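Structure file entry.txt (compact mmCIF, N, CA and C atoms) is printed below.
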# COMPACT_ATOMS: atom_id res chain seq x y z
N MET Z 433 56.79 -107.87 139.74
CA MET Z 433 56.64 -109.25 140.17
C MET Z 433 57.16 -109.45 141.59
N ILE Z 434 58.22 -108.72 141.96
CA ILE Z 434 58.78 -108.87 143.30
C ILE Z 434 57.76 -108.45 144.36
N ASP Z 435 57.02 -107.36 144.11
CA ASP Z 435 55.99 -106.93 145.06
C ASP Z 435 54.92 -108.00 145.22
N ALA Z 436 54.54 -108.64 144.14
CA ALA Z 436 53.53 -109.70 144.21
C ALA Z 436 54.04 -110.88 145.03
N ALA Z 437 55.30 -111.24 144.85
CA ALA Z 437 55.89 -112.33 145.62
C ALA Z 437 55.92 -111.99 147.11
N GLU Z 438 56.26 -110.75 147.42
CA GLU Z 438 56.27 -110.33 148.83
C GLU Z 438 54.88 -110.40 149.43
N GLU Z 439 53.87 -110.04 148.66
CA GLU Z 439 52.48 -110.12 149.14
C GLU Z 439 52.08 -111.56 149.40
N VAL Z 440 52.50 -112.47 148.55
CA VAL Z 440 52.20 -113.90 148.73
C VAL Z 440 52.87 -114.42 149.99
N ILE Z 441 54.12 -114.02 150.21
CA ILE Z 441 54.85 -114.46 151.40
C ILE Z 441 54.18 -113.92 152.66
N GLU Z 442 53.76 -112.67 152.64
CA GLU Z 442 53.08 -112.09 153.81
C GLU Z 442 51.74 -112.80 154.07
N ALA Z 443 51.03 -113.13 153.01
CA ALA Z 443 49.76 -113.85 153.16
C ALA Z 443 50.01 -115.23 153.77
N ALA Z 444 51.08 -115.89 153.34
CA ALA Z 444 51.42 -117.21 153.89
C ALA Z 444 51.75 -117.09 155.37
N ARG Z 445 52.50 -116.05 155.73
CA ARG Z 445 52.83 -115.83 157.14
C ARG Z 445 51.57 -115.63 157.99
N GLU Z 446 50.64 -114.86 157.48
CA GLU Z 446 49.39 -114.62 158.20
C GLU Z 446 48.58 -115.91 158.33
N LEU Z 447 48.55 -116.71 157.30
CA LEU Z 447 47.83 -117.98 157.35
C LEU Z 447 48.42 -118.90 158.41
N VAL Z 448 49.74 -119.04 158.42
CA VAL Z 448 50.39 -119.91 159.40
C VAL Z 448 50.15 -119.36 160.81
N LYS Z 449 50.31 -118.06 160.97
CA LYS Z 449 50.10 -117.43 162.29
C LYS Z 449 48.67 -117.65 162.78
N SER Z 450 47.69 -117.48 161.90
CA SER Z 450 46.29 -117.65 162.31
C SER Z 450 45.97 -119.11 162.62
N ARG Z 451 46.56 -120.05 161.89
CA ARG Z 451 46.34 -121.48 162.20
C ARG Z 451 46.91 -121.81 163.57
N ARG Z 452 48.12 -121.30 163.84
CA ARG Z 452 48.73 -121.56 165.16
C ARG Z 452 47.85 -120.98 166.27
N TRP Z 453 47.36 -119.75 166.05
CA TRP Z 453 46.51 -119.11 167.05
C TRP Z 453 45.22 -119.90 167.24
N TYR Z 454 44.58 -120.27 166.14
CA TYR Z 454 43.30 -120.99 166.19
C TYR Z 454 43.45 -122.33 166.92
N LEU Z 455 44.56 -123.02 166.66
CA LEU Z 455 44.78 -124.33 167.28
C LEU Z 455 45.43 -124.23 168.66
N GLY Z 456 45.87 -123.03 169.03
CA GLY Z 456 46.52 -122.84 170.32
C GLY Z 456 47.86 -123.54 170.42
N LEU Z 457 48.59 -123.60 169.30
CA LEU Z 457 49.87 -124.31 169.28
C LEU Z 457 51.04 -123.36 169.55
N PRO Z 458 51.95 -123.77 170.41
CA PRO Z 458 53.17 -122.98 170.60
C PRO Z 458 54.08 -123.16 169.38
N ASP Z 459 55.07 -122.30 169.27
CA ASP Z 459 55.98 -122.33 168.12
C ASP Z 459 56.78 -123.62 168.01
N ASP Z 460 56.99 -124.31 169.13
CA ASP Z 460 57.82 -125.52 169.08
C ASP Z 460 57.04 -126.78 168.67
N ARG Z 461 55.76 -126.65 168.41
CA ARG Z 461 54.94 -127.80 167.95
C ARG Z 461 54.64 -127.67 166.48
N ASP Z 462 54.66 -128.80 165.76
CA ASP Z 462 54.33 -128.80 164.34
C ASP Z 462 52.83 -128.62 164.14
N LEU Z 463 52.49 -127.94 163.05
CA LEU Z 463 51.08 -127.81 162.70
C LEU Z 463 50.57 -129.16 162.19
N PRO Z 464 49.37 -129.58 162.60
CA PRO Z 464 48.86 -130.88 162.18
C PRO Z 464 48.39 -130.90 160.71
N ASP Z 465 48.00 -129.76 160.21
CA ASP Z 465 47.55 -129.64 158.82
C ASP Z 465 48.76 -129.72 157.89
N ARG Z 466 48.78 -130.69 156.99
CA ARG Z 466 49.94 -130.92 156.14
C ARG Z 466 50.30 -129.71 155.29
N LEU Z 467 49.32 -129.06 154.72
CA LEU Z 467 49.57 -127.91 153.86
C LEU Z 467 50.14 -126.73 154.65
N ALA Z 468 49.53 -126.43 155.79
CA ALA Z 468 50.02 -125.33 156.62
C ALA Z 468 51.43 -125.63 157.15
N ALA Z 469 51.68 -126.89 157.49
CA ALA Z 469 53.01 -127.27 157.98
C ALA Z 469 54.05 -127.10 156.87
N ALA Z 470 53.71 -127.49 155.65
CA ALA Z 470 54.63 -127.33 154.52
C ALA Z 470 54.89 -125.85 154.25
N LEU Z 471 53.85 -125.05 154.35
CA LEU Z 471 53.99 -123.61 154.15
C LEU Z 471 54.91 -123.01 155.21
N GLU Z 472 54.75 -123.44 156.45
CA GLU Z 472 55.58 -122.95 157.54
C GLU Z 472 57.05 -123.32 157.31
N LYS Z 473 57.30 -124.55 156.85
CA LYS Z 473 58.67 -124.97 156.58
C LYS Z 473 59.27 -124.17 155.43
N ALA Z 474 58.49 -123.88 154.41
CA ALA Z 474 58.97 -123.08 153.28
C ALA Z 474 59.31 -121.67 153.74
N LEU Z 475 58.47 -121.10 154.60
CA LEU Z 475 58.76 -119.76 155.13
C LEU Z 475 60.02 -119.76 155.98
N ALA Z 476 60.21 -120.81 156.77
CA ALA Z 476 61.42 -120.91 157.59
C ALA Z 476 62.66 -121.00 156.70
N ALA Z 477 62.55 -121.73 155.59
CA ALA Z 477 63.68 -121.84 154.66
C ALA Z 477 63.98 -120.48 154.02
N LEU Z 478 62.94 -119.74 153.65
CA LEU Z 478 63.14 -118.40 153.10
C LEU Z 478 63.80 -117.48 154.13
N ASP Z 479 63.34 -117.56 155.37
CA ASP Z 479 63.93 -116.73 156.43
C ASP Z 479 65.40 -117.08 156.64
N ALA Z 480 65.73 -118.37 156.60
CA ALA Z 480 67.11 -118.80 156.79
C ALA Z 480 67.99 -118.31 155.64
N MET Z 481 67.48 -118.37 154.42
CA MET Z 481 68.22 -117.88 153.27
C MET Z 481 68.47 -116.38 153.39
N GLU Z 482 67.45 -115.66 153.80
CA GLU Z 482 67.56 -114.21 153.96
C GLU Z 482 68.57 -113.86 155.05
N ALA Z 483 68.54 -114.61 156.15
CA ALA Z 483 69.45 -114.35 157.26
C ALA Z 483 70.90 -114.64 156.90
N SER Z 484 71.10 -115.61 156.02
CA SER Z 484 72.48 -115.96 155.64
C SER Z 484 72.99 -115.10 154.48
N GLY Z 485 72.11 -114.27 153.93
CA GLY Z 485 72.51 -113.35 152.87
C GLY Z 485 72.49 -113.95 151.49
N GLU Z 486 71.85 -115.07 151.32
CA GLU Z 486 71.77 -115.69 149.98
C GLU Z 486 70.76 -115.01 149.10

Starting from the file, give its structure as structure tokens.
Amino acid sequence: MIDAAEEVIEAARELVKSRRWYLGLPDDRDLPDRLAAALEKALAALDAMEASGE
């Protein structure tokens, strides 16, 4: 199950990255698409948890 979760997270990262590229948005601007923006915030929260060792 952990491998599947990692695959989902990587797919989400690729989706957010491709939306940013397609829209030409820099990292400091929010994505206009509500779903992609929520996904990006969730990924940022996961990254913060990982960085803090939780």

Inset, instruction - Grab the atom CA of Z:Leu447 to atom CA of Z:Pro464 distance for me, in Å with one decimal place. - result: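 A separation of 13.8 Å between them.
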
Inset, instruction - Please provide the set of residues having any atom within 8 Å of stretch 451-453 of chain Z, restricted to only N, CA and C atoms, with same-chain residues fewer than 6 positions apart removed, written as a PyMOL selection string. - result: chain Z and resi 445+459+463+468

Residues from the last selection, N, CA and C atoms, saved as a PDB file, in the frame of the given file:
ATOM      1  N   ARG Z 445      52.500-116.050 155.730  1.00  0.00           N
ATOM      2  CA  ARG Z 445      52.830-115.830 157.140  1.00  0.00           C
ATOM      3  C   ARG Z 445      51.570-115.630 157.990  1.00  0.00           C
ATOM      4  N   ASP Z 459      55.070-122.300 169.270  1.00  0.00           N
ATOM      5  CA  ASP Z 459      55.980-122.330 168.120  1.00  0.00           C
ATOM      6  C   ASP Z 459      56.780-123.620 168.010  1.00  0.00           C
ATOM      7  N   LEU Z 463      52.490-127.940 163.050  1.00  0.00           N
ATOM      8  CA  LEU Z 463      51.080-127.810 162.700  1.00  0.00           C
ATOM      9  C   LEU Z 463      50.570-129.160 162.190  1.00  0.00           C
ATOM     10  N   ALA Z 468      49.530-126.430 155.790  1.00  0.00           N
ATOM     11  CA  ALA Z 468      50.020-125.330 156.620  1.00  0.00           C
ATOM     12  C   ALA Z 468      51.430-125.630 157.150  1.00  0.00           C
TER      13      ALA Z 468
END

Output as JSON the centre and edge lengths (Å, one decimal) of the box along x, y and z of the file that holds every listed atom of stretch 452-456 of chain Z after adding 8 Å on each side.
{"center_x": 46.0, "center_y": -121.7, "center_z": 167.1, "size_x": 21.4, "size_y": 21.2, "size_z": 22.6}

Legend entry - For Z:Glu472, the nearest of the candidates Z:Ala443, Z:Glu486, Z:Val448, Z:Ala436, counting only N, CA and C atoms: Z:Val448

Inset, instruction - Give the alpha helix (DSSP H) residues of stretch 438-479 of chain Z, as assigned by DSSP on the backbone, as a ChimeraX atom specification. - result: /Z:438-455,466-479

If you keep N, CA and C atoms, can you produce a file of those selected residues as a short mmCIF file (atom, residue, chain, number, x, y, z; two decimals), in the frame of the given file?
data_model
loop_
_atom_site.label_atom_id
_atom_site.label_comp_id
_atom_site.auth_asym_id
_atom_site.auth_seq_id
_atom_site.Cartn_x
_atom_site.Cartn_y
_atom_site.Cartn_z
N GLU Z 438 56.26 -110.75 147.42
CA GLU Z 438 56.27 -110.33 148.83
C GLU Z 438 54.88 -110.40 149.43
N GLU Z 439 53.87 -110.04 148.66
CA GLU Z 439 52.48 -110.12 149.14
C GLU Z 439 52.08 -111.56 149.40
N VAL Z 440 52.50 -112.47 148.55
CA VAL Z 440 52.20 -113.90 148.73
C VAL Z 440 52.87 -114.42 149.99
N ILE Z 441 54.12 -114.02 150.21
CA ILE Z 441 54.85 -114.46 151.40
C ILE Z 441 54.18 -113.92 152.66
N GLU Z 442 53.76 -112.67 152.64
CA GLU Z 442 53.08 -112.09 153.81
C GLU Z 442 51.74 -112.80 154.07
N ALA Z 443 51.03 -113.13 153.01
CA ALA Z 443 49.76 -113.85 153.16
C ALA Z 443 50.01 -115.23 153.77
N ALA Z 444 51.08 -115.89 153.34
CA ALA Z 444 51.42 -117.21 153.89
C ALA Z 444 51.75 -117.09 155.37
N ARG Z 445 52.50 -116.05 155.73
CA ARG Z 445 52.83 -115.83 157.14
C ARG Z 445 51.57 -115.63 157.99
N GLU Z 446 50.64 -114.86 157.48
CA GLU Z 446 49.39 -114.62 158.20
C GLU Z 446 48.58 -115.91 158.33
N LEU Z 447 48.55 -116.71 157.30
CA LEU Z 447 47.83 -117.98 157.35
C LEU Z 447 48.42 -118.90 158.41
N VAL Z 448 49.74 -119.04 158.42
CA VAL Z 448 50.39 -119.91 159.40
C VAL Z 448 50.15 -119.36 160.81
N LYS Z 449 50.31 -118.06 160.97
CA LYS Z 449 50.10 -117.43 162.29
C LYS Z 449 48.67 -117.65 162.78
N SER Z 450 47.69 -117.48 161.90
CA SER Z 450 46.29 -117.65 162.31
C SER Z 450 45.97 -119.11 162.62
N ARG Z 451 46.56 -120.05 161.89
CA ARG Z 451 46.34 -121.48 162.20
C ARG Z 451 46.91 -121.81 163.57
N ARG Z 452 48.12 -121.30 163.84
CA ARG Z 452 48.73 -121.56 165.16
C ARG Z 452 47.85 -120.98 166.27
N TRP Z 453 47.36 -119.75 166.05
CA TRP Z 453 46.51 -119.11 167.05
C TRP Z 453 45.22 -119.90 167.24
N TYR Z 454 44.58 -120.27 166.14
CA TYR Z 454 43.30 -120.99 166.19
C TYR Z 454 43.45 -122.33 166.92
N LEU Z 455 44.56 -123.02 166.66
CA LEU Z 455 44.78 -124.33 167.28
C LEU Z 455 45.43 -124.23 168.66
N ARG Z 466 48.78 -130.69 156.99
CA ARG Z 466 49.94 -130.92 156.14
C ARG Z 466 50.30 -129.71 155.29
N LEU Z 467 49.32 -129.06 154.72
CA LEU Z 467 49.57 -127.91 153.86
C LEU Z 467 50.14 -126.73 154.65
N ALA Z 468 49.53 -126.43 155.79
CA ALA Z 468 50.02 -125.33 156.62
C ALA Z 468 51.43 -125.63 157.15
N ALA Z 469 51.68 -126.89 157.49
CA ALA Z 469 53.01 -127.27 157.98
C ALA Z 469 54.05 -127.10 156.87
N ALA Z 470 53.71 -127.49 155.65
CA ALA Z 470 54.63 -127.33 154.52
C ALA Z 470 54.89 -125.85 154.25
N LEU Z 471 53.85 -125.05 154.35
CA LEU Z 471 53.99 -123.61 154.15
C LEU Z 471 54.91 -123.01 155.21
N GLU Z 472 54.75 -123.44 156.45
CA GLU Z 472 55.58 -122.95 157.54
C GLU Z 472 57.05 -123.32 157.31
N LYS Z 473 57.30 -124.55 156.85
CA LYS Z 473 58.67 -124.97 156.58
C LYS Z 473 59.27 -124.17 155.43
N ALA Z 474 58.49 -123.88 154.41
CA ALA Z 474 58.97 -123.08 153.28
C ALA Z 474 59.31 -121.67 153.74
N LEU Z 475 58.47 -121.10 154.60
CA LEU Z 475 58.76 -119.76 155.13
C LEU Z 475 60.02 -119.76 155.98
N ALA Z 476 60.21 -120.81 156.77
CA ALA Z 476 61.42 -120.91 157.59
C ALA Z 476 62.66 -121.00 156.70
N ALA Z 477 62.55 -121.73 155.59
CA ALA Z 477 63.68 -121.84 154.66
C ALA Z 477 63.98 -120.48 154.02
N LEU Z 478 62.94 -119.74 153.65
CA LEU Z 478 63.14 -118.40 153.10
C LEU Z 478 63.80 -117.48 154.13
N ASP Z 479 63.34 -117.56 155.37
CA ASP Z 479 63.93 -116.73 156.43
C ASP Z 479 65.40 -117.08 156.64
#

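The spacing separating atom C of Z:Glu439 from atom C of Z:Tyr454 amounts to 22.3 Å.
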
Legend entry - Atomic distance atom CA of Z:Asp479 - atom N of Z:Asp465, expressed in Å with one decimal: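 Separating atom CA of Z:Asp479 from atom N of Z:Asp465 is a distance of 20.9 Å.
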
Need to verify the contact set: stretch 474-478 of chain Z, 8 Å, all atoms listed in the file, exclusion of same-chain residues closer than 4 positions in sequence. Can you return it as a PDB file with N, CA and C atoms, in the coordinates of the input?
ATOM      1  N   ILE Z 441      54.120-114.020 150.210  1.00  0.00           N
ATOM      2  CA  ILE Z 441      54.850-114.460 151.400  1.00  0.00           C
ATOM      3  C   ILE Z 441      54.180-113.920 152.660  1.00  0.00           C
ATOM      4  N   ALA Z 444      51.080-115.890 153.340  1.00  0.00           N
ATOM      5  CA  ALA Z 444      51.420-117.210 153.890  1.00  0.00           C
ATOM      6  C   ALA Z 444      51.750-117.090 155.370  1.00  0.00           C
ATOM      7  N   ARG Z 445      52.500-116.050 155.730  1.00  0.00           N
ATOM      8  CA  ARG Z 445      52.830-115.830 157.140  1.00  0.00           C
ATOM      9  C   ARG Z 445      51.570-115.630 157.990  1.00  0.00           C
ATOM     10  N   ALA Z 468      49.530-126.430 155.790  1.00  0.00           N
ATOM     11  CA  ALA Z 468      50.020-125.330 156.620  1.00  0.00           C
ATOM     12  C   ALA Z 468      51.430-125.630 157.150  1.00  0.00           C
ATOM     13  N   ALA Z 469      51.680-126.890 157.490  1.00  0.00           N
ATOM     14  CA  ALA Z 469      53.010-127.270 157.980  1.00  0.00           C
ATOM     15  C   ALA Z 469      54.050-127.100 156.870  1.00  0.00           C
ATOM     16  N   ALA Z 470      53.710-127.490 155.650  1.00  0.00           N
ATOM     17  CA  ALA Z 470      54.630-127.330 154.520  1.00  0.00           C
ATOM     18  C   ALA Z 470      54.890-125.850 154.250  1.00  0.00           C
ATOM     19  N   GLU Z 482      67.450-115.660 153.800  1.00  0.00           N
ATOM     20  CA  GLU Z 482      67.560-114.210 153.960  1.00  0.00           C
ATOM     21  C   GLU Z 482      68.570-113.860 155.050  1.00  0.00           C
ATOM     22  N   ALA Z 483      68.540-114.610 156.150  1.00  0.00           N
ATOM     23  CA  ALA Z 483      69.450-114.350 157.260  1.00  0.00           C
ATOM     24  C   ALA Z 483      70.900-114.640 156.900  1.00  0.00           C
ATOM     25  N   SER Z 484      71.100-115.610 156.020  1.00  0.00           N
ATOM     26  CA  SER Z 484      72.480-115.960 155.640  1.00  0.00           C
ATOM     27  C   SER Z 484      72.990-115.100 154.480  1.00  0.00           C
TER      28      SER Z 484
END
